[in-house]
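The next block is target-v1.csv, given as CSV, C-alpha atoms.
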```csv
chain,number,residue,atom,x,y,z
A,1,MET,CA,-23.8,-5.9,21.9
A,2,SER,CA,-26.2,-8.1,23.9
A,3,ALA,CA,-24.9,-10.2,26.8
A,4,ASP,CA,-24.9,-13.3,24.6
A,5,HIS,CA,-22.8,-11.5,21.9
A,6,PRO,CA,-20.0,-9.9,24.0
A,7,PRO,CA,-17.5,-7.6,22.2
A,8,GLY,CA,-14.7,-9.6,20.6
A,9,LEU,CA,-16.7,-12.8,20.2
A,10,ASP,CA,-18.5,-13.2,16.9
A,11,LEU,CA,-20.6,-16.3,17.6
A,12,ASP,CA,-21.7,-16.9,14.0
A,13,ARG,CA,-18.2,-16.9,12.6
A,14,LEU,CA,-17.0,-19.0,15.5
A,15,ARG,CA,-19.7,-21.5,15.0
A,16,ALA,CA,-18.9,-21.8,11.3
A,17,LEU,CA,-15.2,-22.4,12.1
A,18,LEU,CA,-16.0,-25.1,14.8
A,19,ASP,CA,-18.4,-26.9,12.5
A,20,ARG,CA,-15.8,-26.9,9.8
A,21,GLU,CA,-12.8,-27.9,12.0
A,22,ARG,CA,-14.5,-30.0,14.7
A,23,PRO,CA,-17.7,-31.3,13.0
A,24,GLY,CA,-20.2,-32.6,15.6
A,25,LEU,CA,-18.6,-30.8,18.5
A,26,VAL,CA,-21.4,-28.1,18.9
A,27,ASN,CA,-24.9,-29.5,19.2
A,28,GLY,CA,-27.1,-26.4,19.8
A,29,PRO,CA,-27.1,-22.6,19.4
A,30,LEU,CA,-24.0,-21.1,20.9
A,31,THR,CA,-24.1,-18.5,23.7
A,32,GLY,CA,-21.0,-16.7,25.1
A,33,ARG,CA,-20.1,-14.3,27.9
A,34,LEU,CA,-17.0,-12.6,29.1
A,35,ILE,CA,-15.8,-14.4,32.2
A,36,GLU,CA,-13.2,-11.9,33.2
A,37,GLY,CA,-11.5,-8.8,31.8
A,38,GLY,CA,-8.1,-10.4,32.8
A,39,ARG,CA,-5.1,-8.2,33.2
A,40,SER,CA,-4.1,-9.0,29.6
A,41,ASN,CA,-6.0,-11.6,27.6
A,42,LEU,CA,-9.8,-11.9,27.4
A,43,THR,CA,-11.5,-15.1,28.5
A,44,TYR,CA,-15.1,-16.1,27.4
A,45,LEU,CA,-17.3,-18.9,28.4
A,46,LEU,CA,-19.0,-20.6,25.5
A,47,SER,CA,-22.0,-23.1,25.6
A,48,ASP,CA,-24.3,-24.9,23.3
A,49,GLY,CA,-26.7,-25.7,26.3
A,50,VAL,CA,-25.0,-29.1,26.9
A,51,SER,CA,-21.2,-28.7,26.7
A,52,LYS,CA,-19.1,-25.7,27.7
A,53,TRP,CA,-15.8,-24.4,26.3
A,54,VAL,CA,-13.5,-21.5,26.9
A,55,VAL,CA,-12.2,-19.0,24.3
A,56,ARG,CA,-9.0,-17.0,25.0
A,57,ARG,CA,-8.1,-14.0,22.8
A,58,PRO,CA,-5.9,-10.8,23.1
A,59,PRO,CA,-7.5,-7.6,24.4
A,60,LEU,CA,-9.7,-5.7,22.0
A,61,GLY,CA,-7.9,-3.1,19.8
A,62,HIS,CA,-4.5,-4.8,20.6
A,63,VAL,CA,-2.0,-4.8,17.7
A,64,LEU,CA,0.3,-7.7,16.9
A,65,ALA,CA,2.2,-7.5,20.2
A,66,THR,CA,0.3,-10.3,21.9
A,67,ALA,CA,-0.6,-12.3,18.8
A,68,HIS,CA,2.0,-15.0,19.6
A,69,ASP,CA,0.7,-15.4,23.1
A,70,MET,CA,-2.3,-17.4,21.9
A,71,LYS,CA,-0.1,-19.7,19.9
A,72,ARG,CA,2.3,-20.1,22.9
A,73,GLU,CA,-0.5,-20.8,25.4
A,74,HIS,CA,-2.2,-23.2,23.1
A,75,ARG,CA,1.1,-24.9,22.4
A,76,VAL,CA,2.0,-25.4,26.1
A,77,ILE,CA,-1.4,-26.8,27.1
A,78,SER,CA,-1.4,-29.1,24.1
A,79,ALA,CA,2.0,-30.4,25.1
A,80,LEU,CA,1.1,-30.8,28.8
A,81,HIS,CA,-2.4,-32.3,28.3
A,82,PRO,CA,-1.1,-35.9,28.0
A,83,THR,CA,1.2,-35.5,31.0
A,84,ASP,CA,0.3,-35.6,34.8
A,85,VAL,CA,0.0,-31.8,34.8
A,86,PRO,CA,-3.7,-30.9,34.9
A,87,VAL,CA,-4.6,-28.5,32.1
A,88,PRO,CA,-7.8,-28.1,30.1
A,89,ARG,CA,-8.1,-30.2,26.9
A,90,PRO,CA,-7.3,-27.9,23.9
A,91,VAL,CA,-9.9,-27.9,21.1
A,92,LEU,CA,-8.4,-25.7,18.4
A,93,LEU,CA,-6.1,-22.7,17.7
A,94,CYS,CA,-7.1,-20.1,15.1
A,95,GLU,CA,-4.5,-17.7,13.8
A,96,ASP,CA,-6.8,-16.2,11.2
A,97,ASP,CA,-7.8,-12.7,12.2
A,98,GLU,CA,-10.9,-12.9,10.0
A,99,VAL,CA,-12.9,-14.9,12.5
A,100,LEU,CA,-12.7,-12.8,15.7
A,101,GLY,CA,-10.4,-10.0,14.7
A,102,ALA,CA,-7.4,-11.6,16.5
A,103,PRO,CA,-5.8,-15.0,16.9
A,104,PHE,CA,-7.5,-17.1,19.6
A,105,TYR,CA,-7.9,-20.6,20.9
A,106,VAL,CA,-10.6,-22.8,22.3
A,107,MET,CA,-10.3,-25.3,25.2
A,108,GLU,CA,-12.7,-27.4,27.2
A,109,PHE,CA,-14.3,-25.8,30.2
A,110,VAL,CA,-13.0,-27.2,33.6
A,111,GLU,CA,-15.3,-27.0,36.7
A,112,GLY,CA,-13.4,-25.6,39.7
A,113,THR,CA,-12.8,-22.5,41.9
A,114,PRO,CA,-9.9,-20.1,41.7
A,115,TYR,CA,-9.3,-18.9,45.3
A,116,ARG,CA,-8.0,-15.3,45.3
A,117,THR,CA,-8.1,-14.3,48.9
A,118,ALA,CA,-7.9,-15.6,52.4
A,119,GLY,CA,-11.5,-14.7,52.9
A,120,GLN,CA,-12.6,-17.0,50.0
A,121,LEU,CA,-10.6,-19.9,51.5
A,122,ALA,CA,-12.0,-19.4,55.0
A,123,PRO,CA,-15.3,-21.4,54.4
A,124,LEU,CA,-13.1,-24.5,53.4
A,125,GLY,CA,-11.8,-24.7,56.9
A,126,ALA,CA,-8.2,-25.2,58.0
A,127,GLU,CA,-7.6,-28.8,56.9
A,128,ARG,CA,-9.1,-28.4,53.4
A,129,THR,CA,-7.2,-25.1,52.9
A,130,ARG,CA,-4.0,-26.9,53.9
A,131,ASN,CA,-4.6,-29.7,51.5
A,132,ALA,CA,-5.4,-27.3,48.6
A,133,VAL,CA,-2.2,-25.3,49.1
A,134,LEU,CA,0.0,-28.4,49.5
A,135,SER,CA,-1.5,-29.8,46.3
A,136,LEU,CA,-0.4,-26.6,44.6
A,137,VAL,CA,3.2,-27.5,45.5
A,138,ASP,CA,2.7,-31.1,44.3
A,139,THR,CA,1.4,-29.9,41.0
A,140,LEU,CA,4.3,-27.6,40.6
A,141,VAL,CA,6.7,-30.6,41.2
A,142,GLU,CA,4.8,-32.5,38.4
A,143,LEU,CA,5.2,-29.5,36.0
A,144,HIS,CA,8.9,-29.3,36.7
A,145,ALA,CA,9.3,-33.0,36.2
A,146,VAL,CA,8.1,-32.9,32.6
A,147,ASP,CA,11.0,-33.4,30.1
A,148,PRO,CA,10.5,-30.4,27.7
A,149,ALA,CA,12.0,-32.3,24.8
A,150,ALA,CA,9.8,-35.3,25.3
A,151,VAL,CA,6.6,-33.2,24.9
A,152,GLY,CA,7.9,-31.2,22.0
A,153,LEU,CA,8.9,-28.1,23.9
A,154,ALA,CA,12.7,-28.2,23.5
A,155,ASP,CA,12.6,-24.9,21.7
A,156,PHE,CA,10.0,-23.2,23.9
A,157,GLY,CA,12.5,-20.7,25.5
A,158,ARG,CA,16.2,-19.8,25.9
A,159,PRO,CA,17.2,-21.2,29.3
A,160,GLU,CA,20.9,-20.0,29.0
A,161,GLY,CA,21.3,-16.8,31.0
A,162,PHE,CA,17.6,-16.9,32.0
A,163,LEU,CA,18.0,-15.2,35.4
A,164,ASP,CA,20.3,-12.5,34.2
A,165,ARG,CA,17.9,-11.7,31.3
A,166,GLN,CA,14.9,-11.7,33.7
A,167,LEU,CA,16.6,-9.3,36.0
A,168,ARG,CA,17.5,-6.9,33.1
A,169,ARG,CA,14.0,-7.1,31.7
A,170,TRP,CA,12.4,-6.1,35.0
A,171,GLY,CA,15.0,-3.4,35.5
A,172,LYS,CA,14.0,-1.9,32.1
A,173,GLN,CA,10.3,-2.2,33.1
A,174,LEU,CA,11.1,-0.2,36.3
A,175,ASP,CA,12.9,2.5,34.3
A,176,ALA,CA,9.9,2.8,32.0
A,177,SER,CA,7.6,3.8,34.9
A,178,ARG,CA,9.8,5.9,37.1
A,179,ASN,CA,8.2,9.2,38.3
A,180,ARG,CA,9.0,9.2,42.0
A,181,GLU,CA,11.7,8.3,44.4
A,182,LEU,CA,11.5,4.7,45.6
A,183,ALA,CA,13.8,4.0,48.5
A,184,GLY,CA,15.7,0.8,48.2
A,185,ILE,CA,14.5,-0.4,44.8
A,186,ASP,CA,17.9,0.2,43.1
A,187,GLU,CA,19.7,-1.4,46.0
A,188,LEU,CA,17.4,-4.5,45.7
A,189,HIS,CA,18.0,-4.7,42.0
A,190,ALA,CA,21.8,-4.4,42.4
A,191,ALA,CA,21.9,-7.0,45.2
A,192,LEU,CA,19.9,-9.5,43.2
A,193,GLY,CA,22.4,-9.0,40.3
A,194,ARG,CA,25.4,-9.5,42.6
A,195,GLU,CA,24.1,-12.7,44.1
A,196,LEU,CA,22.7,-14.4,41.0
A,197,PRO,CA,22.5,-18.1,41.7
A,198,SER,CA,23.4,-20.7,39.1
A,199,SER,CA,20.2,-22.2,37.8
A,200,PRO,CA,19.4,-26.0,37.9
A,201,ALA,CA,18.5,-27.7,34.6
A,202,ALA,CA,15.8,-25.8,32.7
A,203,THR,CA,12.1,-26.9,32.9
A,204,VAL,CA,8.8,-25.6,31.6
A,205,VAL,CA,8.2,-22.6,33.9
A,206,HIS,CA,4.6,-21.3,34.4
A,207,GLY,CA,5.8,-17.8,35.2
A,208,ASP,CA,2.8,-16.7,37.3
A,209,TYR,CA,2.2,-19.8,39.5
A,210,ARG,CA,-0.2,-19.1,42.5
A,211,LEU,CA,-3.4,-20.2,43.9
A,212,ASP,CA,-5.7,-18.0,41.9
A,213,ASN,CA,-4.3,-19.3,38.6
A,214,VAL,CA,-5.5,-22.8,39.3
A,215,LEU,CA,-9.0,-24.3,39.5
A,216,ILE,CA,-9.6,-26.4,42.6
A,217,GLY,CA,-12.3,-29.1,42.6
A,218,ASP,CA,-14.8,-30.0,45.3
A,219,ASP,CA,-12.3,-32.7,46.4
A,220,ASP,CA,-9.6,-30.0,47.0
A,221,ARG,CA,-7.5,-31.3,44.1
A,222,ILE,CA,-6.2,-29.1,41.4
A,223,ARG,CA,-8.4,-29.6,38.3
A,224,ALA,CA,-6.5,-27.3,36.0
A,225,VAL,CA,-3.6,-24.9,35.9
A,226,LEU,CA,-4.6,-21.8,33.9
A,227,ASP,CA,-3.0,-18.6,32.5
A,228,TRP,CA,0.1,-19.9,30.7
A,229,GLU,CA,0.9,-16.6,29.0
A,230,MET,CA,4.2,-16.1,30.9
A,231,SER,CA,5.3,-19.7,30.4
A,232,THR,CA,8.7,-20.5,28.9
A,233,LEU,CA,11.7,-22.7,29.4
A,234,GLY,CA,13.8,-21.5,32.3
A,235,ASP,CA,14.8,-21.8,36.0
A,236,PRO,CA,12.1,-23.8,37.9
A,237,LEU,CA,12.9,-22.1,41.2
A,238,THR,CA,11.5,-18.8,39.9
A,239,ASP,CA,8.0,-20.5,40.1
A,240,LEU,CA,8.8,-21.7,43.6
A,241,GLY,CA,10.0,-18.2,44.7
A,242,LEU,CA,6.8,-16.6,43.5
A,243,LEU,CA,4.7,-19.2,45.2
A,244,VAL,CA,6.5,-18.6,48.5
A,245,MET,CA,6.1,-14.9,48.1
A,246,TYR,CA,2.3,-15.3,47.7
A,247,SER,CA,2.3,-17.4,50.9
A,248,ARG,CA,3.6,-14.6,53.1
A,249,SER,CA,1.4,-12.2,54.9
A,250,LEU,CA,1.7,-8.6,53.7
A,251,GLY,CA,0.7,-7.4,57.1
A,252,MET,CA,-1.7,-5.0,55.5
A,253,PRO,CA,-5.5,-5.4,56.0
A,254,HIS,CA,-7.6,-4.6,52.9
A,255,SER,CA,-4.6,-4.7,50.6
A,256,PRO,CA,-5.5,-4.3,46.9
A,257,VAL,CA,-3.1,-7.2,46.2
A,258,SER,CA,-4.1,-10.5,47.8
A,259,THR,CA,-2.0,-13.2,49.3
A,260,THR,CA,-3.8,-16.1,50.8
A,261,ALA,CA,-1.4,-16.4,53.8
A,262,GLU,CA,-3.9,-15.3,56.4
A,263,ALA,CA,-6.3,-18.1,55.7
A,264,PRO,CA,-6.6,-20.6,58.7
A,265,GLY,CA,-4.7,-23.8,57.9
A,266,HIS,CA,-2.5,-22.2,55.2
A,267,PRO,CA,0.9,-23.9,55.4
A,268,ALA,CA,4.0,-21.8,56.3
A,269,PRO,CA,6.3,-20.8,53.4
A,270,GLN,CA,9.1,-23.0,54.9
A,271,GLU,CA,6.8,-26.1,54.7
A,272,LEU,CA,6.1,-25.4,51.1
A,273,VAL,CA,9.8,-25.1,50.3
A,274,GLU,CA,10.6,-28.3,52.2
A,275,ARG,CA,7.8,-30.2,50.4
A,276,TYR,CA,9.0,-29.0,47.0
A,277,ALA,CA,12.6,-30.0,47.8
A,278,ALA,CA,11.6,-33.4,49.1
A,279,ARG,CA,9.4,-34.2,46.1
A,280,SER,CA,11.5,-32.7,43.3
A,281,GLY,CA,15.0,-33.6,44.6
A,282,ARG,CA,16.2,-30.1,43.7
A,283,ASP,CA,18.6,-28.1,45.8
A,284,VAL,CA,16.5,-25.2,47.2
A,285,SER,CA,19.3,-23.6,49.3
A,286,ALA,CA,19.1,-20.3,47.2
A,287,VAL,CA,15.3,-20.0,47.6
A,288,SER,CA,15.6,-16.7,49.4
A,289,TRP,CA,17.1,-15.2,46.2
A,290,TYR,CA,14.2,-16.4,44.2
A,291,GLU,CA,11.7,-15.1,46.7
A,292,ALA,CA,13.4,-11.7,46.8
A,293,PHE,CA,13.3,-11.6,43.0
A,294,ALA,CA,9.6,-12.3,43.2
A,295,TRP,CA,9.1,-9.3,45.6
A,296,PHE,CA,11.2,-7.1,43.2
A,297,LYS,CA,9.2,-8.2,40.1
A,298,LEU,CA,5.9,-7.5,41.9
A,299,ALA,CA,7.2,-4.2,43.1
A,300,VAL,CA,8.0,-3.2,39.5
A,301,ILE,CA,4.6,-4.5,38.2
A,302,LEU,CA,2.7,-2.5,40.9
A,303,GLU,CA,4.8,0.6,40.3
A,304,GLY,CA,3.8,0.3,36.6
A,305,ILE,CA,0.1,0.2,37.6
A,306,HIS,CA,0.7,3.2,40.0
A,307,TYR,CA,2.5,5.1,37.2
A,308,ARG,CA,-0.4,4.6,34.8
A,309,TYR,CA,-2.9,5.6,37.6
A,310,THR,CA,-1.0,8.9,38.2
A,311,LEU,CA,-1.3,9.6,34.4
A,312,GLY,CA,-5.0,8.9,34.6
A,313,GLN,CA,-4.8,5.8,32.4
A,314,THR,CA,-6.1,3.4,35.0
A,315,VAL,CA,-9.4,3.8,36.8
A,316,GLY,CA,-11.2,1.6,39.2
A,317,ARG,CA,-11.4,0.5,42.8
A,318,GLY,CA,-8.1,0.0,44.7
A,319,PHE,CA,-5.8,1.6,42.2
A,320,ASP,CA,-5.3,4.7,44.4
A,321,ARG,CA,-3.8,2.4,47.1
A,322,ILE,CA,-1.4,0.4,44.8
A,323,GLY,CA,1.3,3.1,45.2
A,324,ASP,CA,1.5,2.6,49.0
A,325,LEU,CA,2.1,-1.1,48.5
A,326,VAL,CA,5.3,-0.8,46.4
A,327,PRO,CA,7.6,0.2,49.4
A,328,VAL,CA,6.2,-2.8,51.3
A,329,PHE,CA,7.3,-5.1,48.5
A,330,ILE,CA,10.7,-3.5,48.2
A,331,ASP,CA,11.2,-3.8,52.0
A,332,HIS,CA,10.2,-7.5,51.9
A,333,GLY,CA,12.6,-8.1,49.1
A,334,LEU,CA,15.5,-6.5,50.9
A,335,THR,CA,14.7,-8.3,54.2
A,336,THR,CA,14.4,-11.7,52.4
A,337,LEU,CA,17.8,-11.3,50.8
A,338,GLN,CA,19.5,-10.2,54.0
A,339,GLU,CA,18.0,-13.0,56.0
A,340,GLY,CA,18.7,-15.6,53.3
```

As structure tokens, please, write out the structure in this file.
Amino acid sequence: MSADHPPGLDLDRLRALLDRERPGLVNGPLTGRLIEGGRSNLTYLLSDGVSKWVVRRPPLGHVLATAHDMKREHRVISALHPTDVPVPRPVLLCEDDEVLGAPFYVMEFVEGTPYRTAGQLAPLGAERTRNAVLSLVDTLVELHAVDPAAVGLADFGRPEGFLDRQLRRWGKQLDASRNRELAGIDELHAALGRELPSSPAATVVHGDYRLDNVLIGDDDRIRAVLDWEMSTLGDPLTDLGLLVMYSRSLGMPHSPVSTTAEAPGHPAPQELVERYAARSGRDVSAVSWYEAFAWFKLAVILEGIHYRYTLGQTVGRGFDRIGDLVPVFIDHGLTTLQEG
């Protein structure tokens, strides 16, 4: 495959589909390239020399498991596009495997930067970094203010018993990747179960809301929120808990998992929580539970990566250090619950 014909992207078939479904959209020969391998779904940049679009599809060789992801992602950005939540404009959803070998969707390309590390934020300077992170909170408030029924997402999830189900789900994930003793993880799981808060009214939840899943423009405003594959209807404070977790320093230089907390100007977690509370009007008194749950969830995800690494199923830079990080996440989770 040449660079302009990356695996999983048949440009001739895609062009024929676009010409049929969106006549006049494409005005020149199409080129495409993989933007990132993504942890799950694949993302391609598509261009006709004038306009740019993005194609999202499941990983190559994946069976049905993630087919509905494409439909869900396309559905949620289509529902949110007319609201104040910045998302790319959807172009089309294709559920026919004949075109690219899997369901996929196309959306407009949005210009912006995903900031993944404190080092990438540093050139912005303290004030611009502060503004960017605060706008992340404001955009989350906008998302949680959307009435799901009003945008056609009333049946997008099952909010009843959401936290209980989440806790069970991540407990099962943990059991599936156990091959070493992890001090404190069962204690953390049990404590979270004992102290389950009662959820506020359900909203659209992003599910993986953090700085590197948004595109920030040159004016430090959020241009688009991306990666909706975990989105559902549920407890909005789970998004806040994760955002707070990613705003804490891990205290580990050269960590394979990045939080942006070390960047000069980055607001303190407490300020993010207070800003969210003031702007959303929600009671955030149980926020430490949600943050502890985020530490637990990430510990389970990292342990899964470590487990696959020990089986020789994951190769690459940094994977050998993931295992060392898991106890740090467990420890943060326990501390957060105790102090909360």

Margin query: My list of candidates is A:Leu302, A:Leu192, A:Ala277, A:Leu334. Which is closest to Arg321 (chain A) when distances are computed with only C-alpha atoms?
Written below: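 Distance minimum relative to Arg321 (chain A) lands on A:Leu302.
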
Note to self: Env of region 28-30 of chain A: 7 Å cut, atoms = all atoms listed in the file, seq-sep filter 2 positions within chain, self excluded. Answer as JSON, numbers by chain.
What the structure shows: {"A": [11, 26, 32, 46, 47, 48, 49]}

Item checked: Top pick for closest residue to Thr260 (chain A), considering A:Val287, A:Ala122, A:Ile305, A:Leu143 and counting all atoms listed in the file ->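 For Thr260 (chain A), the nearest of the candidates is A:Ala122.
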
Next item on the list: Counting only C-alpha atoms, figure out which residue out of A:Asp147, A:Asp19, A:Glu111, A:Asp84 gets nearest to Arg223 (chain A).
Entry: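 Checking each candidate against Arg223 (chain A), we get A:Glu111 as the closest.
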
Check: Which of these residues is nearest to Asp155 (chain A), using all atoms listed in the file: A:Leu17, A:Val106, A:Ala183, A:Val204?
Finding: A:Val204

Check: Nearest to Pro327 (chain A): which of A:Asp12, A:Glu73, A:Glu303, A:Glu95 is it, counting only C-alpha atoms?
Finding: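 Among the listed residues, A:Glu303 lies closest to Pro327 (chain A).
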
Margin query: Considering all atoms listed in the file, can you say which of A:Gly217, A:Ser247, A:Ser231, A:Phe296 comes closest to Gly112 (chain A)?
Written below: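 Nearest to Gly112 (chain A): A:Gly217.
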
Can you tell me, as a short mmCIF file (atom, residue, chain, number, x, y, z; two decimals) with C-alpha atoms, keeping the file's coordinate frame, what residues are no more than 7 Å from Phe104 (chain A) when counting all atoms listed in the file, ignoring any on the same chain fewer than 5 positions away?
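Heads up, here's the output in selection18.cif:
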```
data_model
loop_
_atom_site.label_atom_id
_atom_site.label_comp_id
_atom_site.auth_asym_id
_atom_site.auth_seq_id
_atom_site.Cartn_x
_atom_site.Cartn_y
_atom_site.Cartn_z
CA VAL A 55 -12.20 -19.00 24.30
CA ARG A 56 -9.00 -17.00 25.00
CA ARG A 57 -8.10 -14.00 22.80
CA MET A 70 -2.30 -17.40 21.90
CA LEU A 93 -6.10 -22.70 17.70
CA CYS A 94 -7.10 -20.10 15.10
CA GLU A 95 -4.50 -17.70 13.80
#
```
